[in-house]
>>> print(open('input.json').read())   # JSON, C-alpha atoms
[["chain", "number", "residue", "atom", "x", "y", "z"],
["A", 15, "MET", "CA", 92.97, 96.86, 105.85],
["A", 16, "THR", "CA", 91.45, 99.24, 103.30],
["A", 17, "VAL", "CA", 93.79, 102.12, 102.42],
["A", 18, "ILE", "CA", 92.34, 105.32, 100.91],
["A", 19, "ASP", "CA", 94.61, 108.30, 100.21],
["A", 20, "VAL", "CA", 92.63, 111.55, 99.93],
["A", 21, "HIS", "CA", 95.70, 113.72, 99.31],
["A", 22, "THR", "CA", 98.27, 112.64, 96.71],
["A", 23, "HIS", "CA", 99.80, 114.78, 93.96],
["A", 24, "GLY", "CA", 101.80, 111.99, 92.34],
["A", 25, "ILE", "CA", 104.23, 109.13, 92.77],
["A", 26, "GLY", "CA", 106.94, 107.25, 90.89],
["A", 27, "GLY", "CA", 107.65, 109.98, 88.34],
["A", 28, "TYR", "CA", 103.99, 110.72, 87.55],
["A", 29, "GLY", "CA", 102.03, 113.68, 88.89],
["A", 30, "THR", "CA", 98.84, 115.66, 88.50],
["A", 31, "ALA", "CA", 100.47, 118.89, 87.22],
["A", 32, "GLY", "CA", 100.28, 119.04, 83.42],
["A", 33, "ALA", "CA", 99.22, 115.39, 83.42],
["A", 34, "SER", "CA", 97.64, 113.23, 80.78],
["A", 35, "ALA", "CA", 94.99, 110.67, 81.62],
["A", 36, "GLU", "CA", 97.59, 107.94, 81.20],
["A", 37, "ASP", "CA", 99.82, 109.70, 83.73],
["A", 38, "ILE", "CA", 96.99, 109.60, 86.26],
["A", 39, "LEU", "CA", 96.39, 105.92, 85.52],
["A", 40, "ALA", "CA", 100.10, 105.26, 86.03],
["A", 41, "MET", "CA", 99.86, 106.98, 89.42],
["A", 42, "ALA", "CA", 96.94, 104.74, 90.29],
["A", 43, "ARG", "CA", 98.82, 101.60, 89.25],
["A", 44, "ILE", "CA", 101.89, 102.52, 91.33],
["A", 45, "HIS", "CA", 99.78, 103.32, 94.37],
["A", 46, "GLY", "CA", 97.92, 100.05, 93.88],
["A", 47, "ALA", "CA", 101.13, 98.05, 93.59],
["A", 48, "LEU", "CA", 102.22, 99.56, 96.91],
["A", 49, "GLY", "CA", 99.01, 98.49, 98.65],
["A", 50, "VAL", "CA", 96.77, 101.55, 98.31],
["A", 51, "ASP", "CA", 93.17, 100.73, 97.40],
["A", 52, "ALA", "CA", 91.85, 104.13, 96.33],
["A", 53, "ILE", "CA", 93.15, 107.65, 95.75],
["A", 54, "VAL", "CA", 91.85, 111.19, 95.34],
["A", 55, "PRO", "CA", 94.41, 112.82, 93.00],
["A", 56, "THR", "CA", 95.15, 116.31, 94.30],
["A", 57, "ILE", "CA", 95.44, 119.26, 91.93],
["A", 58, "TYR", "CA", 97.99, 122.00, 92.60],
["A", 59, "SER", "CA", 97.06, 125.68, 92.62],
["A", 60, "ALA", "CA", 97.70, 127.20, 89.21],
["A", 61, "SER", "CA", 95.78, 129.35, 86.74],
["A", 62, "ILE", "CA", 92.17, 128.32, 86.43],
["A", 63, "GLU", "CA", 92.84, 127.17, 82.87],
["A", 64, "ALA", "CA", 95.76, 124.95, 83.98],
["A", 65, "MET", "CA", 93.79, 123.52, 86.90],
["A", 66, "ARG", "CA", 90.90, 122.70, 84.59],
["A", 67, "LYS", "CA", 93.25, 120.80, 82.26],
["A", 68, "ASP", "CA", 94.54, 118.79, 85.22],
["A", 69, "ILE", "CA", 91.02, 118.07, 86.43],
["A", 70, "ALA", "CA", 90.07, 116.98, 82.91],
["A", 71, "ALA", "CA", 92.99, 114.52, 82.89],
["A", 72, "VAL", "CA", 91.71, 112.92, 86.10],
["A", 73, "ASP", "CA", 88.17, 112.86, 84.73],
["A", 74, "LYS", "CA", 89.35, 111.06, 81.58],
["A", 75, "ALA", "CA", 91.44, 108.66, 83.66],
["A", 76, "MET", "CA", 88.39, 107.76, 85.74],
["A", 77, "GLN", "CA", 86.44, 107.04, 82.57],
["A", 78, "LEU", "CA", 89.25, 104.92, 81.14],
["A", 79, "GLN", "CA", 89.67, 103.03, 84.39],
["A", 80, "THR", "CA", 85.98, 102.14, 84.40],
["A", 81, "GLU", "CA", 85.99, 101.17, 80.73],
["A", 82, "ARG", "CA", 89.09, 99.00, 81.06],
["A", 83, "ASP", "CA", 87.74, 97.28, 84.12],
["A", 84, "GLU", "CA", 84.52, 96.54, 82.24],
["A", 85, "ASP", "CA", 86.53, 95.22, 79.29],
["A", 86, "ARG", "CA", 88.57, 93.03, 81.62],
["A", 87, "ALA", "CA", 85.44, 91.70, 83.30],
["A", 88, "ALA", "CA", 83.97, 90.83, 79.91],
["A", 89, "GLY", "CA", 87.25, 89.28, 78.82],
["A", 90, "ASP", "CA", 87.54, 87.22, 81.99],
["A", 91, "THR", "CA", 84.10, 85.81, 81.23],
["A", 92, "ASP", "CA", 85.03, 84.50, 77.79],
["A", 93, "GLY", "CA", 88.74, 83.96, 78.45],
["A", 94, "THR", "CA", 89.99, 86.38, 75.79],
["A", 95, "VAL", "CA", 91.79, 88.92, 78.01],
["A", 96, "LYS", "CA", 95.02, 88.07, 79.79],
["A", 97, "ASP", "CA", 96.72, 89.95, 82.61],
["A", 98, "GLY", "CA", 98.51, 93.04, 81.33],
["A", 99, "GLU", "CA", 96.53, 93.30, 78.09],
["A", 100, "ALA", "CA", 93.69, 95.50, 79.28],
["A", 101, "GLY", "CA", 91.99, 96.77, 82.36],
["A", 102, "GLU", "CA", 93.30, 98.31, 85.54],
["A", 103, "ARG", "CA", 93.40, 95.28, 87.83],
["A", 104, "GLY", "CA", 95.48, 96.02, 90.91],
["A", 105, "ALA", "CA", 95.40, 99.79, 90.42],
["A", 106, "ALA", "CA", 94.09, 102.08, 93.12],
["A", 107, "ARG", "CA", 90.54, 103.19, 92.36],
["A", 108, "ILE", "CA", 90.37, 106.89, 91.38],
["A", 109, "LEU", "CA", 87.60, 108.52, 93.40],
["A", 110, "GLY", "CA", 87.67, 112.10, 92.10],
["A", 111, "VAL", "CA", 89.84, 115.16, 92.68],
["A", 112, "HIS", "CA", 90.99, 117.24, 95.62],
["A", 113, "LEU", "CA", 91.61, 120.87, 94.65],
["A", 114, "GLU", "CA", 94.36, 122.33, 96.82],
["A", 115, "GLY", "CA", 93.51, 125.92, 96.01],
["A", 116, "PRO", "CA", 93.52, 128.37, 94.38],
["A", 117, "PHE", "CA", 91.75, 130.20, 97.24],
["A", 118, "LEU", "CA", 94.71, 130.04, 99.63],
["A", 119, "ASN", "CA", 96.84, 132.49, 101.63],
["A", 120, "PRO", "CA", 100.17, 133.44, 99.99],
["A", 121, "SER", "CA", 101.74, 133.91, 103.43],
["A", 122, "ARG", "CA", 101.25, 130.17, 104.03],
["A", 123, "ALA", "CA", 101.98, 128.90, 100.52],
["A", 124, "GLY", "CA", 104.42, 126.20, 101.63],
["A", 125, "ALA", "CA", 105.59, 124.41, 98.49],
["A", 126, "LEU", "CA", 102.67, 125.71, 96.41],
["A", 127, "ASP", "CA", 102.87, 128.60, 93.95],
["A", 128, "GLY", "CA", 101.54, 131.55, 95.94],
["A", 129, "ASP", "CA", 101.45, 133.68, 92.79],
["A", 130, "ALA", "CA", 98.62, 131.47, 91.53],
["A", 131, "PHE", "CA", 96.40, 132.04, 94.57],
["A", 132, "LEU", "CA", 93.13, 133.96, 94.17],
["A", 133, "LEU", "CA", 90.65, 135.59, 96.50],
["A", 134, "PRO", "CA", 87.55, 133.42, 97.01],
["A", 135, "ARG", "CA", 84.99, 134.62, 94.49],
["A", 136, "PHE", "CA", 81.97, 132.80, 93.11],
["A", 137, "SER", "CA", 82.87, 133.73, 89.53],
["A", 138, "SER", "CA", 86.28, 132.05, 89.87],
["A", 139, "TRP", "CA", 84.76, 128.95, 91.48],
["A", 140, "GLU", "CA", 82.16, 128.76, 88.70],
["A", 141, "ARG", "CA", 84.84, 128.95, 86.00],
["A", 142, "LEU", "CA", 86.98, 126.34, 87.78],
["A", 143, "ALA", "CA", 84.23, 123.81, 88.46],
["A", 144, "GLU", "CA", 82.14, 124.10, 85.30],
["A", 145, "GLY", "CA", 81.57, 120.65, 83.86],
["A", 146, "PHE", "CA", 83.41, 118.88, 86.70],
["A", 147, "GLN", "CA", 80.87, 119.03, 89.50],
["A", 148, "GLY", "CA", 80.60, 115.26, 89.60],
["A", 149, "ILE", "CA", 84.28, 114.56, 90.27],
["A", 150, "ILE", "CA", 85.38, 117.40, 92.57],
["A", 151, "ARG", "CA", 85.29, 115.73, 95.98],
["A", 152, "ILE", "CA", 87.38, 118.06, 98.19],
["A", 153, "MET", "CA", 88.54, 121.66, 98.03],
["A", 154, "THR", "CA", 91.04, 123.33, 100.37],
["A", 155, "ILE", "CA", 90.41, 127.02, 101.16],
["A", 156, "ALA", "CA", 92.07, 129.51, 103.51],
["A", 157, "PRO", "CA", 89.07, 130.56, 105.64],
["A", 158, "GLU", "CA", 90.42, 133.97, 106.68],
["A", 159, "LEU", "CA", 90.40, 135.38, 103.14],
["A", 160, "ASP", "CA", 87.81, 137.97, 102.22],
["A", 161, "GLY", "CA", 84.77, 136.21, 100.79],
["A", 162, "ALA", "CA", 85.75, 132.74, 102.03],
["A", 163, "GLY", "CA", 82.74, 132.23, 104.27],
["A", 164, "ARG", "CA", 80.25, 132.97, 101.51],
["A", 165, "LEU", "CA", 82.05, 130.74, 99.03],
["A", 166, "ILE", "CA", 82.38, 127.89, 101.54],
["A", 167, "ARG", "CA", 78.59, 127.86, 101.84],
["A", 168, "VAL", "CA", 78.20, 127.76, 98.05],
["A", 169, "ILE", "CA", 80.74, 124.97, 97.58],
["A", 170, "THR", "CA", 79.42, 122.79, 100.40],
["A", 171, "ASP", "CA", 75.87, 123.27, 99.11],
["A", 172, "SER", "CA", 77.11, 121.84, 95.78],
["A", 173, "GLY", "CA", 78.18, 118.64, 97.56],
["A", 174, "VAL", "CA", 81.93, 119.29, 97.68],
["A", 175, "ILE", "CA", 83.79, 118.85, 100.99],
["A", 176, "VAL", "CA", 85.62, 122.01, 102.05],
["A", 177, "ASN", "CA", 88.88, 121.70, 103.96],
["A", 178, "MET", "CA", 90.77, 124.57, 105.56],
["A", 179, "GLY", "CA", 94.46, 124.87, 104.86],
["A", 180, "HIS", "CA", 97.43, 126.91, 103.58],
["A", 181, "SER", "CA", 96.04, 129.41, 106.02],
["A", 182, "ASP", "CA", 96.89, 132.05, 108.61],
["A", 183, "ALA", "CA", 93.46, 131.70, 110.22],
["A", 184, "THR", "CA", 92.84, 132.40, 113.87],
["A", 185, "TYR", "CA", 90.82, 130.00, 115.97],
["A", 186, "ASP", "CA", 87.74, 132.20, 115.59],
["A", 187, "GLU", "CA", 88.13, 132.41, 111.82],
["A", 188, "ALA", "CA", 88.42, 128.63, 111.61],
["A", 189, "GLU", "CA", 85.33, 128.23, 113.76],
["A", 190, "ALA", "CA", 83.39, 130.65, 111.55],
["A", 191, "ALA", "CA", 84.38, 128.63, 108.48],
["A", 192, "TYR", "CA", 83.25, 125.43, 110.17],
["A", 193, "ASN", "CA", 79.91, 127.06, 110.88],
["A", 194, "ALA", "CA", 79.75, 128.02, 107.20],
["A", 195, "GLY", "CA", 80.19, 124.38, 106.20],
["A", 196, "ALA", "CA", 83.91, 123.53, 106.21],
["A", 197, "ARG", "CA", 84.48, 119.97, 107.39],
["A", 198, "GLY", "CA", 88.24, 119.30, 107.37],
["A", 199, "VAL", "CA", 91.75, 120.61, 107.95],
["A", 200, "THR", "CA", 94.37, 119.91, 105.29],
["A", 201, "HIS", "CA", 97.69, 118.47, 106.59],
["A", 202, "ILE", "CA", 97.36, 119.88, 110.10],
["A", 203, "PHE", "CA", 100.34, 121.91, 111.39],
["A", 204, "ASN", "CA", 101.88, 122.17, 107.91],
["A", 205, "ALA", "CA", 101.42, 125.44, 105.96],
["A", 206, "MET", "CA", 99.38, 127.16, 108.65],
["A", 207, "ARG", "CA", 99.75, 129.58, 111.55],
["A", 208, "PRO", "CA", 101.74, 127.95, 114.37],
["A", 209, "MET", "CA", 99.66, 127.08, 117.41],
["A", 210, "HIS", "CA", 100.23, 129.56, 120.27],
["A", 211, "HIS", "CA", 98.95, 129.43, 123.83],
["A", 212, "ARG", "CA", 97.15, 132.77, 123.35],
["A", 213, "GLU", "CA", 96.02, 132.05, 119.78],
["A", 214, "PRO", "CA", 95.47, 128.34, 118.97],
["A", 215, "GLY", "CA", 94.79, 129.11, 115.31],
["A", 216, "LEU", "CA", 93.53, 126.61, 112.76],
["A", 217, "ALA", "CA", 95.69, 123.80, 114.17],
["A", 218, "GLY", "CA", 94.28, 124.31, 117.65],
["A", 219, "PHE", "CA", 90.74, 124.41, 116.28],
["A", 220, "GLY", "CA", 91.35, 121.16, 114.41],
["A", 221, "LEU", "CA", 92.63, 119.43, 117.53],
["A", 222, "VAL", "CA", 89.86, 120.41, 119.93],
["A", 223, "HIS", "CA", 86.72, 120.55, 117.81],
["A", 224, "PRO", "CA", 85.05, 117.14, 118.07],
["A", 225, "HIS", "CA", 83.49, 117.06, 114.59],
["A", 226, "ILE", "CA", 86.10, 118.55, 112.24],
["A", 227, "TYR", "CA", 88.26, 116.06, 110.33],
["A", 228, "VAL", "CA", 92.03, 116.58, 110.29],
["A", 229, "GLU", "CA", 94.55, 115.21, 107.82],
["A", 230, "PHE", "CA", 98.09, 114.57, 108.90],
["A", 231, "ILE", "CA", 101.00, 113.55, 106.69],
["A", 232, "GLY", "CA", 102.22, 110.20, 107.96],
["A", 233, "ASP", "CA", 105.88, 110.30, 106.97],
["A", 234, "PRO", "CA", 108.98, 110.90, 109.16],
["A", 235, "HIS", "CA", 109.60, 114.44, 107.90],
["A", 236, "HIS", "CA", 106.46, 116.57, 108.17],
["A", 237, "LEU", "CA", 105.66, 116.00, 111.85],
["A", 238, "HIS", "CA", 107.77, 115.08, 114.86],
["A", 239, "PRO", "CA", 106.71, 111.73, 116.34],
["A", 240, "LYS", "CA", 105.59, 113.54, 119.50],
["A", 241, "THR", "CA", 103.42, 115.86, 117.40],
["A", 242, "ILE", "CA", 101.78, 112.77, 115.93],
["A", 243, "GLU", "CA", 101.33, 111.49, 119.47],
["A", 244, "LEU", "CA", 99.69, 114.81, 120.39],
["A", 245, "ILE", "CA", 97.25, 114.59, 117.47],
["A", 246, "VAL", "CA", 96.30, 111.01, 118.26],
["A", 247, "SER", "CA", 95.94, 111.73, 121.99],
["A", 248, "ALA", "CA", 94.02, 115.00, 121.71],
["A", 249, "LYS", "CA", 91.82, 114.42, 118.67],
["A", 250, "ASN", "CA", 88.62, 112.39, 118.40],
["A", 251, "LYS", "CA", 89.91, 109.22, 116.69],
["A", 252, "ASP", "CA", 87.02, 108.99, 114.27],
["A", 253, "ARG", "CA", 88.01, 112.38, 112.80],
["A", 254, "ILE", "CA", 91.68, 111.68, 111.99],
["A", 255, "ILE", "CA", 92.75, 110.87, 108.42],
["A", 256, "VAL", "CA", 96.34, 110.00, 107.51],
["A", 257, "VAL", "CA", 97.45, 111.11, 104.04],
["A", 258, "SER", "CA", 100.62, 110.74, 102.00],
["A", 259, "ASP", "CA", 100.74, 114.17, 100.27],
["A", 260, "SER", "CA", 103.04, 112.26, 97.90],
["A", 261, "VAL", "CA", 104.39, 114.05, 94.84],
["A", 262, "LYS", "CA", 105.84, 113.16, 91.46],
["A", 263, "ALA", "CA", 109.32, 112.66, 92.96],
["A", 264, "THR", "CA", 108.09, 110.26, 95.65],
["A", 265, "HIS", "CA", 109.44, 106.75, 94.97],
["A", 266, "THR", "CA", 112.10, 108.05, 92.60],
["A", 267, "ASP", "CA", 115.82, 108.62, 93.15],
["A", 268, "GLU", "CA", 115.03, 112.32, 93.41],
["A", 269, "GLY", "CA", 112.63, 111.70, 96.25],
["A", 270, "SER", "CA", 114.56, 109.18, 98.31],
["A", 271, "GLY", "CA", 116.81, 111.53, 100.30],
["A", 272, "PRO", "CA", 117.28, 111.32, 104.08],
["A", 273, "ASP", "CA", 115.38, 114.60, 104.55],
["A", 274, "GLY", "CA", 112.38, 113.60, 102.49],
["A", 275, "VAL", "CA", 111.28, 115.15, 99.20],
["A", 276, "THR", "CA", 112.77, 118.64, 99.11],
["A", 277, "ASP", "CA", 113.69, 121.39, 96.66],
["A", 278, "ARG", "CA", 117.08, 123.05, 96.27],
["A", 279, "SER", "CA", 116.48, 125.24, 99.32],
["A", 280, "ALA", "CA", 115.77, 122.13, 101.44],
["A", 281, "ARG", "CA", 112.08, 123.03, 101.66],
["A", 282, "LEU", "CA", 109.76, 120.03, 101.91],
["A", 283, "THR", "CA", 107.77, 119.72, 98.69],
["A", 284, "GLY", "CA", 105.65, 116.68, 99.53],
["A", 285, "GLY", "CA", 105.35, 113.37, 101.29],
["A", 286, "SER", "CA", 108.11, 110.79, 101.01],
["A", 287, "MET", "CA", 106.11, 107.56, 101.00],
["A", 288, "ALA", "CA", 102.91, 105.94, 99.83],
["A", 289, "LEU", "CA", 100.11, 105.76, 102.39],
["A", 290, "SER", "CA", 100.54, 102.02, 102.83],
["A", 291, "GLU", "CA", 104.17, 102.66, 103.79],
["A", 292, "ALA", "CA", 103.06, 105.39, 106.19],
["A", 293, "VAL", "CA", 100.92, 102.77, 107.91],
["A", 294, "ARG", "CA", 104.03, 100.69, 108.59],
["A", 295, "TYR", "CA", 105.96, 103.74, 109.82],
["A", 296, "LEU", "CA", 103.14, 104.75, 112.17],
["A", 297, "GLY", "CA", 102.85, 101.18, 113.39],
["A", 298, "ASP", "CA", 106.52, 101.33, 114.33],
["A", 299, "LEU", "CA", 105.67, 104.45, 116.37],
["A", 300, "GLY", "CA", 103.16, 102.40, 118.34],
["A", 301, "LEU", "CA", 99.82, 102.99, 116.63],
["A", 302, "THR", "CA", 97.79, 99.79, 116.65],
["A", 303, "PRO", "CA", 96.41, 98.10, 113.52],
["A", 304, "ALA", "CA", 92.86, 98.86, 114.67],
["A", 305, "VAL", "CA", 93.61, 102.56, 115.05],
["A", 306, "LEU", "CA", 95.46, 102.70, 111.73],
["A", 307, "ASP", "CA", 92.60, 100.93, 109.96],
["A", 308, "ARG", "CA", 90.36, 103.73, 111.21],
["A", 309, "PHE", "CA", 92.78, 106.47, 110.10],
["A", 310, "VAL", "CA", 93.35, 105.20, 106.55],
["A", 311, "GLY", "CA", 90.17, 103.29, 105.80],
["A", 312, "VAL", "CA", 87.14, 103.77, 108.02],
["A", 313, "ASN", "CA", 87.49, 107.53, 108.49],
["A", 314, "PRO", "CA", 88.25, 108.44, 104.86],
["A", 315, "THR", "CA", 85.26, 106.34, 103.80],
["A", 316, "ALA", "CA", 82.96, 108.22, 106.18],
["A", 317, "TYR", "CA", 84.48, 111.57, 105.27],
["A", 318, "LEU", "CA", 83.96, 111.00, 101.54],
["A", 319, "GLY", "CA", 80.52, 109.48, 102.07],
["A", 320, "ILE", "CA", 81.30, 106.38, 100.04]]
>>> encode(input="input.json", output="structure tokens")
Amino acid sequence: MTVIDVHTHGIGGYGTAGASAEDILAMARIHGALGVDAIVPTIYSASIEAMRKDIAAVDKAMQLQTERDEDRAAGDTDGTVKDGEAGERGAARILGVHLEGPFLNPSRAGALDGDAFLLPRFSSWERLAEGFQGIIRIMTIAPELDGAGRLIRVITDSGVIVNMGHSDATYDEAEAAYNAGARGVTHIFNAMRPMHHREPGLAGFGLVHPHIYVEFIGDPHHLHPKTIELIVSAKNKDRIIVVSDSVKATHTDEGSGPDGVTDRSARLTGGSMALSEAVRYLGDLGLTPAVLDRFVGVNPTAYLGI
């Protein structure tokens, strides 16, 4: 089973915030050791300057990963490189970055820094993305914000996948964003308007629209098992993607509590397990290997176009 995690902020004491390239490579090695084949490191909302530094760290890590793999391949040919000396064998492949913001709604900040959020403006996007167009794969935007529709068109035209999330969007606002080019929903049900029978909101749109992709966090803390059952029953199965949303504290003593990874106010701050572990958890809930292979391998591959 191929396992691709399109939403991970960190793991094992390493994270994308303020990271070096070697931190990102360490993330990739830990994910790989846990059975994850590829990752899209996810950048937190922060100032544009800070986000650019974090993107640059991932960019450098991707270059180093490629160079070390090439060195290892050359070494394997002549027998001069031994395991552990060079290369990134066994590490998850780094596929690019997912920008979780900064064009998000402060009323649905969740564990993100709402003070860093910005209104969607082309000038801000241009400053953020300059020089990184080749590695930005996904961007999460709150579609109800003023200017979001116009910017979604610009970003999708540049080849970046736009997700909707950290949002108070109504159903109609989500539909308008889809028509503007948005193609996914970030961690459905989390950090968005609750679904209501008179206003289904973004979550309701994600469930019933046949072509929109939805992420869900596959750990025991972010969604009730019956909510997972609802997603799997209601949603087109070729548009469901399971993610870890793992963070720096995941797979550390700090992140191993019975209530998941939380802050001092008991607020969830990220996923509690690697995606490969989420597969086992979801299997215990009754999802079949064929369905799980679709959710963590086939669907992310199609979504990313790889």
>>> closest_residue(input="input.json", among="A:Ser59, A:Ser34, A:Gln77, A:Ser181", to="His112 (chain A)", atoms="all atoms listed in the file")
A:Ser59
>>> residues_around(input="input.json", residues="His23 (chain A)", least_positions_apart="6", cutoff="8 Å", atoms="all atoms listed in the file", output="PDB file with C-alpha atoms, in the frame of the given file")
ATOM      1  CA  GLY A  29     102.030 113.680  88.890  1.00  0.00           C
ATOM      2  CA  THR A  30      98.840 115.660  88.500  1.00  0.00           C
ATOM      3  CA  ALA A  31     100.470 118.890  87.220  1.00  0.00           C
ATOM      4  CA  PRO A  55      94.410 112.820  93.000  1.00  0.00           C
ATOM      5  CA  THR A  56      95.150 116.310  94.300  1.00  0.00           C
ATOM      6  CA  ILE A  57      95.440 119.260  91.930  1.00  0.00           C
ATOM      7  CA  TYR A  58      97.990 122.000  92.600  1.00  0.00           C
ATOM      8  CA  ASP A 259     100.740 114.170 100.270  1.00  0.00           C
ATOM      9  CA  SER A 260     103.040 112.260  97.900  1.00  0.00           C
ATOM     10  CA  VAL A 261     104.390 114.050  94.840  1.00  0.00           C
ATOM     11  CA  LYS A 262     105.840 113.160  91.460  1.00  0.00           C
TER      12      LYS A 262
END
>>> residues_around(input="input.json", residues="His45 (chain A)", least_positions_apart="2", cutoff="8 Å", atoms="all atoms listed in the file", output="list in words")
Ile25, Met41, Ala42, Arg43, Ala47, Leu48, Gly49, Val50, Asp51, Ala105, Ala106 and Ala288 of chain A
>>> write_last_selection(input="input.json", atoms="C-alpha atoms", output="PDB file, in the coordinates of the input")
ATOM      1  CA  ILE A  25     104.230 109.130  92.770  1.00  0.00           C
ATOM      2  CA  MET A  41      99.860 106.980  89.420  1.00  0.00           C
ATOM      3  CA  ALA A  42      96.940 104.740  90.290  1.00  0.00           C
ATOM      4  CA  ARG A  43      98.820 101.600  89.250  1.00  0.00           C
ATOM      5  CA  ALA A  47     101.130  98.050  93.590  1.00  0.00           C
ATOM      6  CA  LEU A  48     102.220  99.560  96.910  1.00  0.00           C
ATOM      7  CA  GLY A  49      99.010  98.490  98.650  1.00  0.00           C
ATOM      8  CA  VAL A  50      96.770 101.550  98.310  1.00  0.00           C
ATOM      9  CA  ASP A  51      93.170 100.730  97.400  1.00  0.00           C
ATOM     10  CA  ALA A 105      95.400  99.790  90.420  1.00  0.00           C
ATOM     11  CA  ALA A 106      94.090 102.080  93.120  1.00  0.00           C
ATOM     12  CA  ALA A 288     102.910 105.940  99.830  1.00  0.00           C
TER      13      ALA A 288
END
>>> residues_near_point(input="input.json", point="(78.5, 123.5, 95.9)", cutoff="12 Å", atoms="all atoms listed in the file", output="PyMOL selection string")
chain A and resi 136+139-140+143-144+146-148+150-153+164-176+195-196
>>> closest_residue(input="input.json", among="A:Asp267, A:Asp19, A:Asp129, A:Glu189", to="Glu158 (chain A)", atoms="all atoms listed in the file")
A:Glu189
>>> atom_distance(input="input.json", atom1="CA of Gly124 (chain A)", atom2="CA of Ala64 (chain A)")
19.7 Å
>>> residues_around(input="input.json", residues="region 205-209 of chain A", least_positions_apart="3", cutoff="12 Å", atoms="only C-alpha atoms", output="JSON, numbers by chain")
{"A": [114, 118, 119, 120, 121, 122, 123, 124, 125, 126, 128, 154, 155, 156, 157, 158, 178, 179, 180, 181, 182, 183, 184, 185, 187, 188, 199, 200, 201, 202, 212, 213, 214, 215, 216, 217, 218, 219, 220, 221, 230, 231, 236, 237, 241, 281, 282, 283, 284]}
>>> atom_distance(input="input.json", atom1="CA of Ala60 (chain A)", atom2="CA of Val111 (chain A)")
14.8 Å
>>> closest_residue(input="input.json", among="A:Thr315, A:Thr16, A:Thr302, A:Thr22", to="Ser286 (chain A)", atoms="all atoms listed in the file")
A:Thr22
>>> closest_residue(input="input.json", among="A:Gly110, A:Ile242, A:Met65, A:Asp73", to="Ile320 (chain A)", atoms="only C-alpha atoms")
A:Gly110
>>> build_atoms(input="input.json", residues="region 200-213 of chain A", atoms="N, CA and C atoms", output="short mmCIF file (atom, residue, chain, number, x, y, z; two decimals), keeping the file's coordinate frame")
data_model
loop_
_atom_site.label_atom_id
_atom_site.label_comp_id
_atom_site.auth_asym_id
_atom_site.auth_seq_id
_atom_site.Cartn_x
_atom_site.Cartn_y
_atom_site.Cartn_z
N THR A 200 93.37 120.53 106.16
CA THR A 200 94.37 119.91 105.29
C THR A 200 95.74 119.90 105.96
N HIS A 201 96.38 118.74 105.97
CA HIS A 201 97.69 118.47 106.59
C HIS A 201 97.95 119.39 107.79
N ILE A 202 97.29 119.07 108.89
CA ILE A 202 97.36 119.88 110.10
C ILE A 202 98.80 120.13 110.52
N PHE A 203 99.05 121.35 110.97
CA PHE A 203 100.34 121.91 111.39
C PHE A 203 101.21 122.35 110.22
N ASN A 204 101.06 121.78 109.05
CA ASN A 204 101.88 122.17 107.91
C ASN A 204 101.18 123.26 107.11
N ALA A 205 101.92 124.31 106.76
CA ALA A 205 101.42 125.44 105.96
C ALA A 205 100.24 126.14 106.63
N MET A 206 100.39 126.39 107.93
CA MET A 206 99.38 127.16 108.65
C MET A 206 100.02 127.87 109.83
N ARG A 207 99.29 128.83 110.39
CA ARG A 207 99.75 129.58 111.55
C ARG A 207 100.16 128.62 112.67
N PRO A 208 101.35 128.82 113.25
CA PRO A 208 101.74 127.95 114.37
C PRO A 208 100.77 128.10 115.54
N MET A 209 100.52 127.03 116.24
CA MET A 209 99.66 127.08 117.41
C MET A 209 100.37 127.82 118.54
N HIS A 210 99.68 128.75 119.18
CA HIS A 210 100.23 129.56 120.27
C HIS A 210 99.28 129.48 121.45
N HIS A 211 99.81 129.60 122.67
CA HIS A 211 98.95 129.43 123.83
C HIS A 211 97.92 130.55 123.96
N ARG A 212 98.16 131.70 123.33
CA ARG A 212 97.15 132.77 123.35
C ARG A 212 96.35 132.84 122.05
N GLU A 213 96.77 132.10 121.04
CA GLU A 213 96.02 132.05 119.78
C GLU A 213 96.21 130.66 119.16
#
